[in-house]
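Asker: Got a structure for you, target.cif, holding mmCIF, C-alpha atoms and all ligand atoms.
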```cif
data_final
#
loop_
_atom_site.group_PDB
_atom_site.id
_atom_site.type_symbol
_atom_site.label_atom_id
_atom_site.label_comp_id
_atom_site.auth_asym_id
_atom_site.auth_seq_id
_atom_site.Cartn_x
_atom_site.Cartn_y
_atom_site.Cartn_z
ATOM 1 C CA MET A 1 61.183 50.750 21.478
ATOM 2 C CA ALA A 2 58.482 53.257 22.343
ATOM 3 C CA VAL A 3 58.035 56.076 19.869
ATOM 4 C CA MET A 4 57.186 59.411 21.427
ATOM 5 C CA THR A 5 54.457 61.347 19.672
ATOM 6 C CA ASP A 6 53.492 65.012 19.974
ATOM 7 C CA ASP A 7 50.552 63.775 21.920
ATOM 8 C CA ASP A 8 52.868 62.786 24.699
ATOM 9 C CA CYS A 9 53.938 66.373 25.497
ATOM 10 C CA ILE A 10 51.957 68.163 28.156
ATOM 11 C CA ASP A 11 50.233 71.128 26.495
ATOM 12 C CA ILE A 12 48.596 73.486 28.986
ATOM 13 C CA LEU A 13 46.780 75.584 26.336
ATOM 14 C CA GLU A 14 45.251 72.420 24.898
ATOM 15 C CA ILE A 15 44.239 71.265 28.370
ATOM 16 C CA LYS A 16 42.658 74.622 29.247
ATOM 17 C CA LYS A 17 40.648 74.588 26.015
ATOM 18 C CA TYR A 18 38.708 71.536 27.200
ATOM 19 C CA LEU A 19 38.249 72.296 30.891
ATOM 20 C CA LYS A 20 34.607 72.871 31.718
ATOM 21 C CA SER A 21 35.022 74.315 35.180
ATOM 22 C CA PRO A 22 35.363 78.003 36.032
ATOM 23 C CA ILE A 23 37.149 76.898 39.221
ATOM 24 C CA ILE A 24 39.179 73.687 38.963
ATOM 25 C CA GLY A 25 42.109 74.444 36.657
ATOM 26 C CA ARG A 26 41.290 78.113 36.052
ATOM 27 C CA ASN A 27 44.936 78.737 36.973
ATOM 28 C CA ILE A 28 47.428 76.105 35.920
ATOM 29 C CA TYR A 29 51.070 76.386 36.966
ATOM 30 C CA TYR A 30 53.236 74.204 34.755
ATOM 31 C CA GLU A 31 56.912 73.413 35.381
ATOM 32 C CA GLU A 32 59.199 71.009 33.562
ATOM 33 C CA LYS A 33 60.926 70.085 36.785
ATOM 34 C CA VAL A 34 59.888 70.558 40.396
ATOM 35 C CA SER A 35 60.883 69.047 43.690
ATOM 36 C CA SER A 36 57.274 67.902 44.245
ATOM 37 C CA THR A 37 54.044 69.350 42.840
ATOM 38 C CA ASN A 38 52.493 68.988 46.322
ATOM 39 C CA SER A 39 55.317 71.043 47.846
ATOM 40 C CA MET A 40 55.014 73.700 45.126
ATOM 41 C CA ALA A 41 51.228 73.764 45.564
ATOM 42 C CA LYS A 42 51.644 74.214 49.306
ATOM 43 C CA ASP A 43 54.008 77.189 48.771
ATOM 44 C CA LEU A 44 51.505 78.727 46.341
ATOM 45 C CA ALA A 45 48.618 78.108 48.745
ATOM 46 C CA ILE A 46 50.494 79.870 51.529
ATOM 47 C CA LYS A 47 51.092 82.797 49.145
ATOM 48 C CA GLY A 48 47.314 82.946 48.623
ATOM 49 C CA VAL A 49 46.636 81.558 45.115
ATOM 50 C CA LYS A 50 43.013 80.973 44.220
ATOM 51 C CA ASN A 51 40.811 77.985 45.044
ATOM 52 C CA GLY A 52 41.009 75.418 42.240
ATOM 53 C CA SER A 53 44.524 76.301 41.066
ATOM 54 C CA VAL A 54 46.466 73.337 39.701
ATOM 55 C CA VAL A 55 50.194 72.550 39.584
ATOM 56 C CA ILE A 56 51.446 70.167 36.895
ATOM 57 C CA ALA A 57 55.038 69.075 36.288
ATOM 58 C CA ASP A 58 56.740 66.901 33.709
ATOM 59 C CA MET A 59 59.088 65.487 36.345
ATOM 60 C CA GLN A 60 59.619 65.575 40.094
ATOM 61 C CA GLU A 61 62.983 65.372 41.790
ATOM 62 C CA LYS A 62 61.502 64.474 45.149
ATOM 63 C CA GLY A 63 58.064 63.056 44.392
ATOM 64 C CA ARG A 64 56.414 62.119 47.675
ATOM 65 C CA GLY A 65 54.176 59.126 48.337
ATOM 66 C CA ARG A 66 52.141 58.228 51.416
ATOM 67 C CA ASN A 67 53.853 57.227 54.654
ATOM 68 C CA GLY A 68 57.132 58.956 53.740
ATOM 69 C CA LYS A 69 57.696 56.811 50.628
ATOM 70 C CA ILE A 70 59.153 58.259 47.438
ATOM 71 C CA TRP A 71 57.104 58.467 44.242
ATOM 72 C CA ILE A 72 59.108 57.565 41.124
ATOM 73 C CA SER A 73 58.777 60.628 38.878
ATOM 74 C CA PRO A 74 60.828 60.498 35.639
ATOM 75 C CA PRO A 75 60.223 63.046 32.822
ATOM 76 C CA GLY A 76 58.120 62.666 29.674
ATOM 77 C CA ARG A 77 56.033 59.731 30.836
ATOM 78 C CA ASN A 78 53.642 60.287 33.697
ATOM 79 C CA ILE A 79 51.240 62.709 35.332
ATOM 80 C CA TYR A 80 52.251 64.600 38.476
ATOM 81 C CA MET A 81 49.550 67.044 39.466
ATOM 82 C CA SER A 82 48.301 68.839 42.590
ATOM 83 C CA ILE A 83 45.030 70.703 43.088
ATOM 84 C CA ILE A 84 44.748 73.526 45.627
ATOM 85 C CA LEU A 85 41.353 73.738 47.349
ATOM 86 C CA ARG A 86 40.111 76.309 49.832
ATOM 87 C CA PRO A 87 36.828 74.856 51.019
ATOM 88 C CA LYS A 88 34.594 76.055 53.815
ATOM 89 C CA PHE A 89 33.845 72.576 55.183
ATOM 90 C CA SER A 90 35.421 71.152 58.320
ATOM 91 C CA PRO A 91 38.809 69.354 58.442
ATOM 92 C CA GLU A 92 37.020 66.031 59.157
ATOM 93 C CA ASP A 93 35.395 66.235 55.716
ATOM 94 C CA ALA A 94 38.745 66.656 53.979
ATOM 95 C CA ARG A 95 39.263 62.863 53.889
ATOM 96 C CA GLY A 96 36.496 62.758 51.299
ATOM 97 C CA MET A 97 38.758 64.663 48.864
ATOM 98 C CA THR A 98 41.082 61.675 48.609
ATOM 99 C CA MET A 99 38.206 59.377 47.666
ATOM 100 C CA LEU A 100 36.880 61.993 45.290
ATOM 101 C CA ALA A 101 40.268 62.120 43.553
ATOM 102 C CA ALA A 102 40.474 58.306 43.428
ATOM 103 C CA VAL A 103 37.059 58.029 41.764
ATOM 104 C CA SER A 104 37.892 60.848 39.313
ATOM 105 C CA ALA A 105 41.150 59.098 38.381
ATOM 106 C CA ALA A 106 39.425 55.731 37.949
ATOM 107 C CA ASP A 107 36.694 57.310 35.773
ATOM 108 C CA ALA A 108 39.304 59.143 33.657
ATOM 109 C CA ILE A 109 41.432 56.002 33.188
ATOM 110 C CA LEU A 110 38.370 53.999 32.130
ATOM 111 C CA GLU A 111 37.244 56.744 29.739
ATOM 112 C CA ILE A 112 40.596 57.286 28.044
ATOM 113 C CA THR A 113 42.054 53.761 28.002
ATOM 114 C CA SER A 114 39.017 51.451 28.433
ATOM 115 C CA LEU A 115 41.094 49.611 31.061
ATOM 116 C CA MET A 116 38.985 48.726 34.112
ATOM 117 C CA PRO A 117 40.600 50.129 37.271
ATOM 118 C CA GLN A 118 40.144 48.788 40.791
ATOM 119 C CA ILE A 119 40.406 51.009 43.857
ATOM 120 C CA LYS A 120 42.324 49.584 46.789
ATOM 121 C CA TRP A 121 40.965 51.327 49.861
ATOM 122 C CA PRO A 122 41.388 54.118 50.483
ATOM 123 C CA ASN A 123 42.953 55.536 47.354
ATOM 124 C CA ASP A 124 45.321 53.346 45.342
ATOM 125 C CA ILE A 125 44.269 52.778 41.753
ATOM 126 C CA LEU A 126 45.202 49.385 40.400
ATOM 127 C CA ILE A 127 45.002 47.775 36.982
ATOM 128 C CA ASN A 128 45.152 43.983 36.955
ATOM 129 C CA SER A 129 46.019 44.156 40.681
ATOM 130 C CA LYS A 130 49.101 46.394 40.205
ATOM 131 C CA LYS A 131 49.279 50.047 41.236
ATOM 132 C CA VAL A 132 49.138 52.713 38.493
ATOM 133 C CA SER A 133 48.143 55.726 40.515
ATOM 134 C CA GLY A 134 48.347 57.121 44.043
ATOM 135 C CA ILE A 135 46.973 60.144 45.850
ATOM 136 C CA LEU A 136 48.570 62.230 48.556
ATOM 137 C CA THR A 137 46.259 64.719 50.262
ATOM 138 C CA GLU A 138 47.745 67.336 52.591
ATOM 139 C CA MET A 139 46.026 70.056 54.554
ATOM 140 C CA GLY A 140 46.860 73.345 56.269
ATOM 141 C CA THR A 141 44.563 74.441 59.108
ATOM 142 C CA GLN A 142 44.391 77.214 61.637
ATOM 143 C CA ASN A 143 42.141 77.003 64.714
ATOM 144 C CA ASN A 144 40.488 73.936 63.181
ATOM 145 C CA ILE A 145 39.597 75.894 60.021
ATOM 146 C CA ILE A 146 40.930 74.711 56.657
ATOM 147 C CA GLU A 147 43.324 77.187 55.032
ATOM 148 C CA TYR A 148 44.084 74.899 52.088
ATOM 149 C CA ILE A 149 43.892 71.296 50.960
ATOM 150 C CA ILE A 150 46.398 69.967 48.447
ATOM 151 C CA VAL A 151 45.207 66.928 46.509
ATOM 152 C CA GLY A 152 48.236 65.433 44.750
ATOM 153 C CA ILE A 153 47.874 62.694 42.180
ATOM 154 C CA GLY A 154 50.471 60.664 40.347
ATOM 155 C CA ILE A 155 49.522 58.421 37.420
ATOM 156 C CA ASN A 156 51.986 56.078 35.714
ATOM 157 C CA VAL A 157 50.913 56.669 32.137
ATOM 158 C CA ASN A 158 53.618 55.719 29.616
ATOM 159 C CA LEU A 159 56.245 54.421 32.019
ATOM 160 C CA SER A 160 58.038 51.418 30.520
ATOM 161 C CA GLU A 161 58.912 48.282 32.441
ATOM 162 C CA GLU A 162 62.571 49.378 32.641
ATOM 163 C CA GLY A 163 61.401 52.557 34.366
ATOM 164 C CA ILE A 164 59.992 50.606 37.315
ATOM 165 C CA PRO A 165 62.552 49.696 40.009
ATOM 166 C CA ASP A 166 63.069 45.939 40.451
ATOM 167 C CA ASP A 167 61.823 45.896 44.050
ATOM 168 C CA ILE A 168 58.356 47.160 43.045
ATOM 169 C CA LYS A 169 58.002 45.465 39.632
ATOM 170 C CA ASN A 170 55.531 42.939 41.085
ATOM 171 C CA ILE A 171 53.263 45.615 42.570
ATOM 172 C CA ALA A 172 53.518 48.605 40.177
ATOM 173 C CA THR A 173 52.638 49.116 36.534
ATOM 174 C CA SER A 174 51.685 51.802 34.019
ATOM 175 C CA LEU A 175 48.637 52.304 31.828
ATOM 176 C CA SER A 176 50.604 51.781 28.600
ATOM 177 C CA MET A 177 52.143 48.556 29.932
ATOM 178 C CA GLU A 178 48.689 47.201 30.748
ATOM 179 C CA LEU A 179 47.196 48.422 27.471
ATOM 180 C CA ASN A 180 49.952 46.765 25.466
ATOM 181 C CA LYS A 181 49.396 43.523 27.372
ATOM 182 C CA THR A 182 45.704 43.467 26.508
ATOM 183 C CA GLN A 183 45.741 45.022 23.022
ATOM 184 C CA GLY A 184 49.261 44.348 21.749
ATOM 185 C CA LYS A 185 51.434 46.920 20.016
ATOM 186 C CA ASN A 186 49.998 49.260 17.423
ATOM 187 C CA ILE A 187 49.865 48.627 13.711
ATOM 188 C CA SER A 188 53.478 49.796 13.182
ATOM 189 C CA GLY A 189 54.729 47.516 15.945
ATOM 190 C CA ASN A 190 55.312 50.394 18.347
ATOM 191 C CA THR A 191 54.272 50.602 21.971
ATOM 192 C CA ARG A 192 50.915 52.337 22.341
ATOM 193 C CA LEU A 193 51.259 55.664 24.094
ATOM 194 C CA ILE A 194 48.436 57.265 26.002
ATOM 195 C CA SER A 195 47.810 61.013 25.807
ATOM 196 C CA ARG A 196 48.623 62.650 29.121
ATOM 197 C CA ASN A 197 46.696 65.744 28.007
ATOM 198 C CA LYS A 198 43.487 63.757 27.477
ATOM 199 C CA LEU A 199 43.867 62.052 30.837
ATOM 200 C CA ILE A 200 44.492 65.357 32.647
ATOM 201 C CA ILE A 201 41.459 66.968 30.961
ATOM 202 C CA SER A 202 39.233 64.031 31.786
ATOM 203 C CA PHE A 203 40.475 63.852 35.383
ATOM 204 C CA LEU A 204 40.039 67.588 36.065
ATOM 205 C CA ASN A 205 36.548 67.690 34.539
ATOM 206 C CA LYS A 206 35.474 64.697 36.581
ATOM 207 C CA PHE A 207 37.070 66.035 39.740
ATOM 208 C CA ASP A 208 35.195 69.288 39.225
ATOM 209 C CA ARG A 209 31.858 67.511 38.810
ATOM 210 C CA TYR A 210 32.300 65.323 41.888
ATOM 211 C CA TYR A 211 33.544 68.318 43.890
ATOM 212 C CA GLU A 212 30.417 70.301 43.005
ATOM 213 C CA MET A 213 28.259 67.329 44.011
ATOM 214 C CA PHE A 214 30.244 66.908 47.238
ATOM 215 C CA LEU A 215 29.668 70.566 48.149
ATOM 216 C CA SER A 216 25.942 70.315 47.496
ATOM 217 C CA THR A 217 25.055 66.800 48.647
ATOM 218 C CA GLY A 218 28.074 65.330 50.470
ATOM 219 C CA LEU A 219 30.067 62.183 49.818
ATOM 220 C CA SER A 220 27.285 59.821 48.658
ATOM 221 C CA PRO A 221 27.615 60.384 44.849
ATOM 222 C CA VAL A 222 31.373 59.803 45.186
ATOM 223 C CA LEU A 223 30.823 56.625 47.204
ATOM 224 C CA GLN A 224 28.303 55.382 44.690
ATOM 225 C CA SER A 225 30.938 55.605 41.933
ATOM 226 C CA TYR A 226 33.596 54.262 44.315
ATOM 227 C CA GLN A 227 31.651 50.978 44.664
ATOM 228 C CA LYS A 228 32.025 50.393 40.916
ATOM 229 C CA TYR A 229 35.803 50.080 41.310
ATOM 230 C CA PHE A 230 35.871 48.501 44.780
ATOM 231 C CA ASP A 231 35.990 44.710 44.593
ATOM 232 C CA MET A 232 37.187 43.875 48.086
ATOM 233 C CA ILE A 233 33.977 42.807 49.820
ATOM 234 C CA GLY A 234 34.552 39.495 51.618
ATOM 235 C CA LYS A 235 38.329 39.561 51.101
ATOM 236 C CA ASP A 236 40.653 38.671 53.993
ATOM 237 C CA VAL A 237 42.660 41.734 54.936
ATOM 238 C CA GLU A 238 45.175 42.915 57.479
ATOM 239 C CA ILE A 239 45.324 46.612 58.241
ATOM 240 C CA THR A 240 48.326 48.165 59.894
ATOM 241 C CA LEU A 241 47.270 50.985 62.198
ATOM 242 C CA GLU A 242 49.592 53.246 64.185
ATOM 243 C CA ASN A 243 49.797 50.940 67.205
ATOM 244 C CA ARG A 244 48.148 47.642 66.198
ATOM 245 C CA LYS A 245 46.984 45.433 63.381
ATOM 246 C CA VAL A 246 43.394 44.553 62.503
ATOM 247 C CA LYS A 247 42.590 41.275 60.735
ATOM 248 C CA GLY A 248 39.281 40.289 59.224
ATOM 249 C CA GLN A 249 37.099 40.311 56.123
ATOM 250 C CA VAL A 250 36.046 43.458 54.310
ATOM 251 C CA ALA A 251 32.353 44.150 54.951
ATOM 252 C CA GLY A 252 32.007 47.449 53.074
ATOM 253 C CA ILE A 253 32.550 51.197 53.193
ATOM 254 C CA ASP A 254 30.482 53.447 55.450
ATOM 255 C CA SER A 255 28.846 56.760 54.505
ATOM 256 C CA LYS A 256 31.975 58.704 55.467
ATOM 257 C CA GLY A 257 34.341 56.473 53.498
ATOM 258 C CA ALA A 258 35.668 54.415 56.430
ATOM 259 C CA LEU A 259 36.464 50.745 55.783
ATOM 260 C CA LEU A 260 34.247 48.268 57.653
ATOM 261 C CA VAL A 261 36.023 45.076 58.644
ATOM 262 C CA LYS A 262 34.349 42.004 60.140
ATOM 263 C CA THR A 263 36.755 40.931 62.879
ATOM 264 C CA GLY A 264 34.596 38.300 64.612
ATOM 265 C CA GLU A 265 31.176 36.645 64.582
ATOM 266 C CA ASN A 266 29.344 39.826 65.614
ATOM 267 C CA GLU A 267 32.182 42.317 65.528
ATOM 268 C CA LEU A 268 32.663 45.087 63.011
ATOM 269 C CA GLU A 269 35.592 47.511 63.113
ATOM 270 C CA LYS A 270 35.510 50.877 61.434
ATOM 271 C CA ILE A 271 38.906 51.825 59.998
ATOM 272 C CA VAL A 272 39.410 55.494 59.220
ATOM 273 C CA SER A 273 43.007 55.308 58.004
ATOM 274 C CA GLY A 274 45.678 52.674 57.787
ATOM 275 C CA GLU A 275 47.807 50.574 55.447
ATOM 276 C CA LEU A 276 45.875 47.739 53.869
ATOM 277 C CA ASN A 277 47.393 44.333 53.007
ATOM 278 C CA TYR A 278 45.643 41.396 51.393
HETATM 279 C C1 LIG B 301 50.939 57.159 47.190
HETATM 280 O O1 LIG B 301 51.891 56.849 47.911
HETATM 281 O O2 LIG B 301 50.183 56.299 46.745
HETATM 282 C C2 LIG B 301 50.676 58.604 46.871
HETATM 283 C C3 LIG B 301 51.483 59.055 45.696
HETATM 284 C C4 LIG B 301 51.211 60.492 45.321
HETATM 285 C C5 LIG B 301 52.145 60.985 44.239
HETATM 286 C C6 LIG B 301 51.744 62.349 43.739
HETATM 287 S S1 LIG B 301 52.657 62.813 42.294
HETATM 288 C C7 LIG B 301 52.017 64.432 42.411
HETATM 289 C C8 LIG B 301 52.002 64.799 43.875
HETATM 290 N N1 LIG B 301 53.286 65.346 44.268
HETATM 291 C C9 LIG B 301 53.936 64.546 45.119
HETATM 292 O O3 LIG B 301 55.065 64.768 45.585
HETATM 293 N N2 LIG B 301 53.181 63.477 45.398
HETATM 294 C C10 LIG B 301 51.918 63.502 44.697
#
```
The structure in this file should be written as structure tokens.

Answerer:
Amino acid sequence: MAVMTDDDCIDILEIKKYLKSPIIGRNIYYEEKVSSTNSMAKDLAIKGVKNGSVVIADMQEKGRGRNGKIWISPPGRNIYMSIILRPKFSPEDARGMTMLAAVSAADAILEITSLMPQIKWPNDILINSKKVSGILTEMGTQNNIIEYIIVGIGINVNLSEEGIPDDIKNIATSLSMELNKTQGKNISGNTRLISRNKLIISFLNKFDRYYEMFLSTGLSPVLQSYQKYFDMIGKDVEITLENRKVKGQVAGIDSKGALLVKTGENELEKIVSGELNY
């Protein structure tokens, strides 16, 4: 049975102590229970809270995933967090925020757990081919000008196998499950728990650094790090788009983060968004 340690409680004062940025995380709104941190962040954004504000919750009653799916969000175990951004760039550039968050999450996971993440395009984080983290980016615009971007991230940190519904057990995992598989239980025979505070601190500091680089030089530093976690080149894939499917082999990622798929001898398709299967 897993033993909960103090380390496993989210401690906002502790987190704030280690944040390097004057912007990302300067305001943190913490709730034990919310419907969805993305929904709360959107309400706050509409009310006018500052750029870089962050919403964190210990549990979500209606955690939202991509494509209308639900995101399993029990208390005491995982990270549910949304960042509110108010950038001056154009809505087309907002897609980069999802990749930026994916790279920040992968870097933070590697730093805190030493587990090597893979990124499944565009933004699923996998460990040993199973999903541990997902990102849901939402945007509010007016007259093609961004009013706010909400970057929501969920990370399965200390979720136990029993906490994962049967129908997704073969595709989902948590960091502690993977760590225990590779390193075994700790010296007292207990399940190793990973500090959510350390992961949040690491993620927010990395997100801040990549965001600064994005604002000054664009997406290329993010894409450079993205390649480290992207091991899909040459793989056979099928991508479900709104009205058709694309089949082929992954050829790479372009400078704007689109997936390049070789669909024929001399044919390359650029996929901007879609559901990837392989
Ligand atoms: C996915 O389907 O891969 C995206 C999952 C995103 C889940 C996070 S948890 C925090 C934030 N609030 C939500 O309701 N969703 C995102």

Asker: Using all atoms listed in the file, find each residue with an atom at most 10 Å away from ligand LIG 301 (chain B) and format the answer as a VMD selection string.

Answerer: chain A and resid 34 to 41 55 to 57 59 to 73 78 to 83 122 to 125 131 to 138 150 to 156

Asker: One number please: atom CA of Ile201 of chain A to atom CA of Pro87 of chain A, in Å, one decimal.

Answerer: 22.0 Å

Asker: Any idea what's packed within 7 Å of segment 174-176 of chain A, counting only C-alpha atoms, ignoring anything in its chain fewer than 6 positions away? Could you give it as number ranges by chain?

Answerer: A: 132, 156-159, 192-194

Asker: Step by step, gather every atom of segment 141-150 of chain A that the file lists, find the box along x, y and z that holds them, add 5 Å on each side, and finally give centre and edge lengths in Å to one decimal, as JSON.

Answerer:
```
{"center_x": 43.0, "center_y": 73.6, "center_z": 56.6, "size_x": 16.8, "size_y": 17.2, "size_z": 26.3}
```

Asker: Report as a PyMOL selection string the residues that result from applying the PyMOL selection byres (((chain A and resi 6-17) around 8) and not hetatm) to the structure here.

Answerer: chain A and resi 4-5+18-19+25-26+28+30+58+76-77+193-198+200-201

Asker: Rank nothing, just name the residue among A:Leu199, A:Val49, A:Leu276, A:Ala94 nearest to Ile146 of chain A, using all atoms listed in the file.

Answerer: A:Ala94

Asker: Would you kindly return, as a list in words, each protein, DNA or RNA residue with an atom no farther than 12 Å from any atom of Met116 of chain A, considering only C-alpha atoms and excluding same-chain residues fewer than 4 positions away?

Answerer: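 That gives Ala105, Ala106, Asp107, Ala108, Ile109, Leu110, Glu111, Ile112, Ile125, Leu126, Ile127, Asn128, Ser129, Val132, Leu175, Glu178, Leu179, Thr182, Lys228, Tyr229, Phe230 and Asp231 of chain A.
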
Asker: Expressed in Å to a single decimal, how great is the separation between atom CA of Ile84 of chain A and atom CA of Leu100 of chain A?

Answerer: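 So the two atoms, atom CA of Ile84 of chain A and atom CA of Leu100 of chain A, lie 14.0 Å apart.
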
Asker: Mind pulling up the distance from atom CA of Ile149 of chain A to atom CA of Leu241 of chain A?

Answerer: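 Taking atom CA of Leu241 of chain A as the start and atom CA of Ile149 of chain A as the end point, the length is 23.5 Å.
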
Asker: Written as a PyMOL selection string, which residues does the PyMOL selection byres (((chain A and resi 24) around 8) and not hetatm) give for the file shown?

Answerer: chain A and resi 21-23+25-27+51-54+83+204-205+207-208

Asker: Extract, using all atoms listed in the file, all DNA, RNA and protein residues at most 10 Å from Glu242 of chain A, discarding same-chain residues fewer than 5 positions from it, and format them as a PDB file with C-alpha atoms, keeping the file's coordinate frame.

Answerer:
```
ATOM      1  CA  SER A 273      43.007  55.308  58.004  1.00  0.00           C
ATOM      2  CA  GLY A 274      45.678  52.674  57.787  1.00  0.00           C
ATOM      3  CA  GLU A 275      47.807  50.574  55.447  1.00  0.00           C
TER       4      GLU A 275
END
```

Asker: Using all atoms listed in the file - which residues lie no farther than 10 Å from the point (37.7, 47.8, 57.6) in the file's frame? Write them as a list of chain:residue names.

Answerer: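 Within 10 Å of (37.7, 47.8, 57.6), the protein and nucleic acid residues are A:Trp121, A:Ile233, A:Val237, A:Glu238, A:Ile239, A:Val246, A:Lys247, A:Gly248, A:Gln249, A:Val250, A:Ala251, A:Gly252, A:Ile253, A:Asp254, A:Ala258, A:Leu259, A:Leu260, A:Val261, A:Lys262, A:Thr263, A:Leu268, A:Glu269, A:Lys270, A:Ile271, A:Val272, A:Ser273, A:Gly274, A:Leu276.
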
Asker: Which residue is closest to Asn170 of chain A? Choose from A:Lys88, A:Thr217, A:Lys235, A:Lys130 and count all atoms listed in the file.

Answerer: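 That would be A:Lys130, the residue with the smallest distance to Asn170 of chain A.
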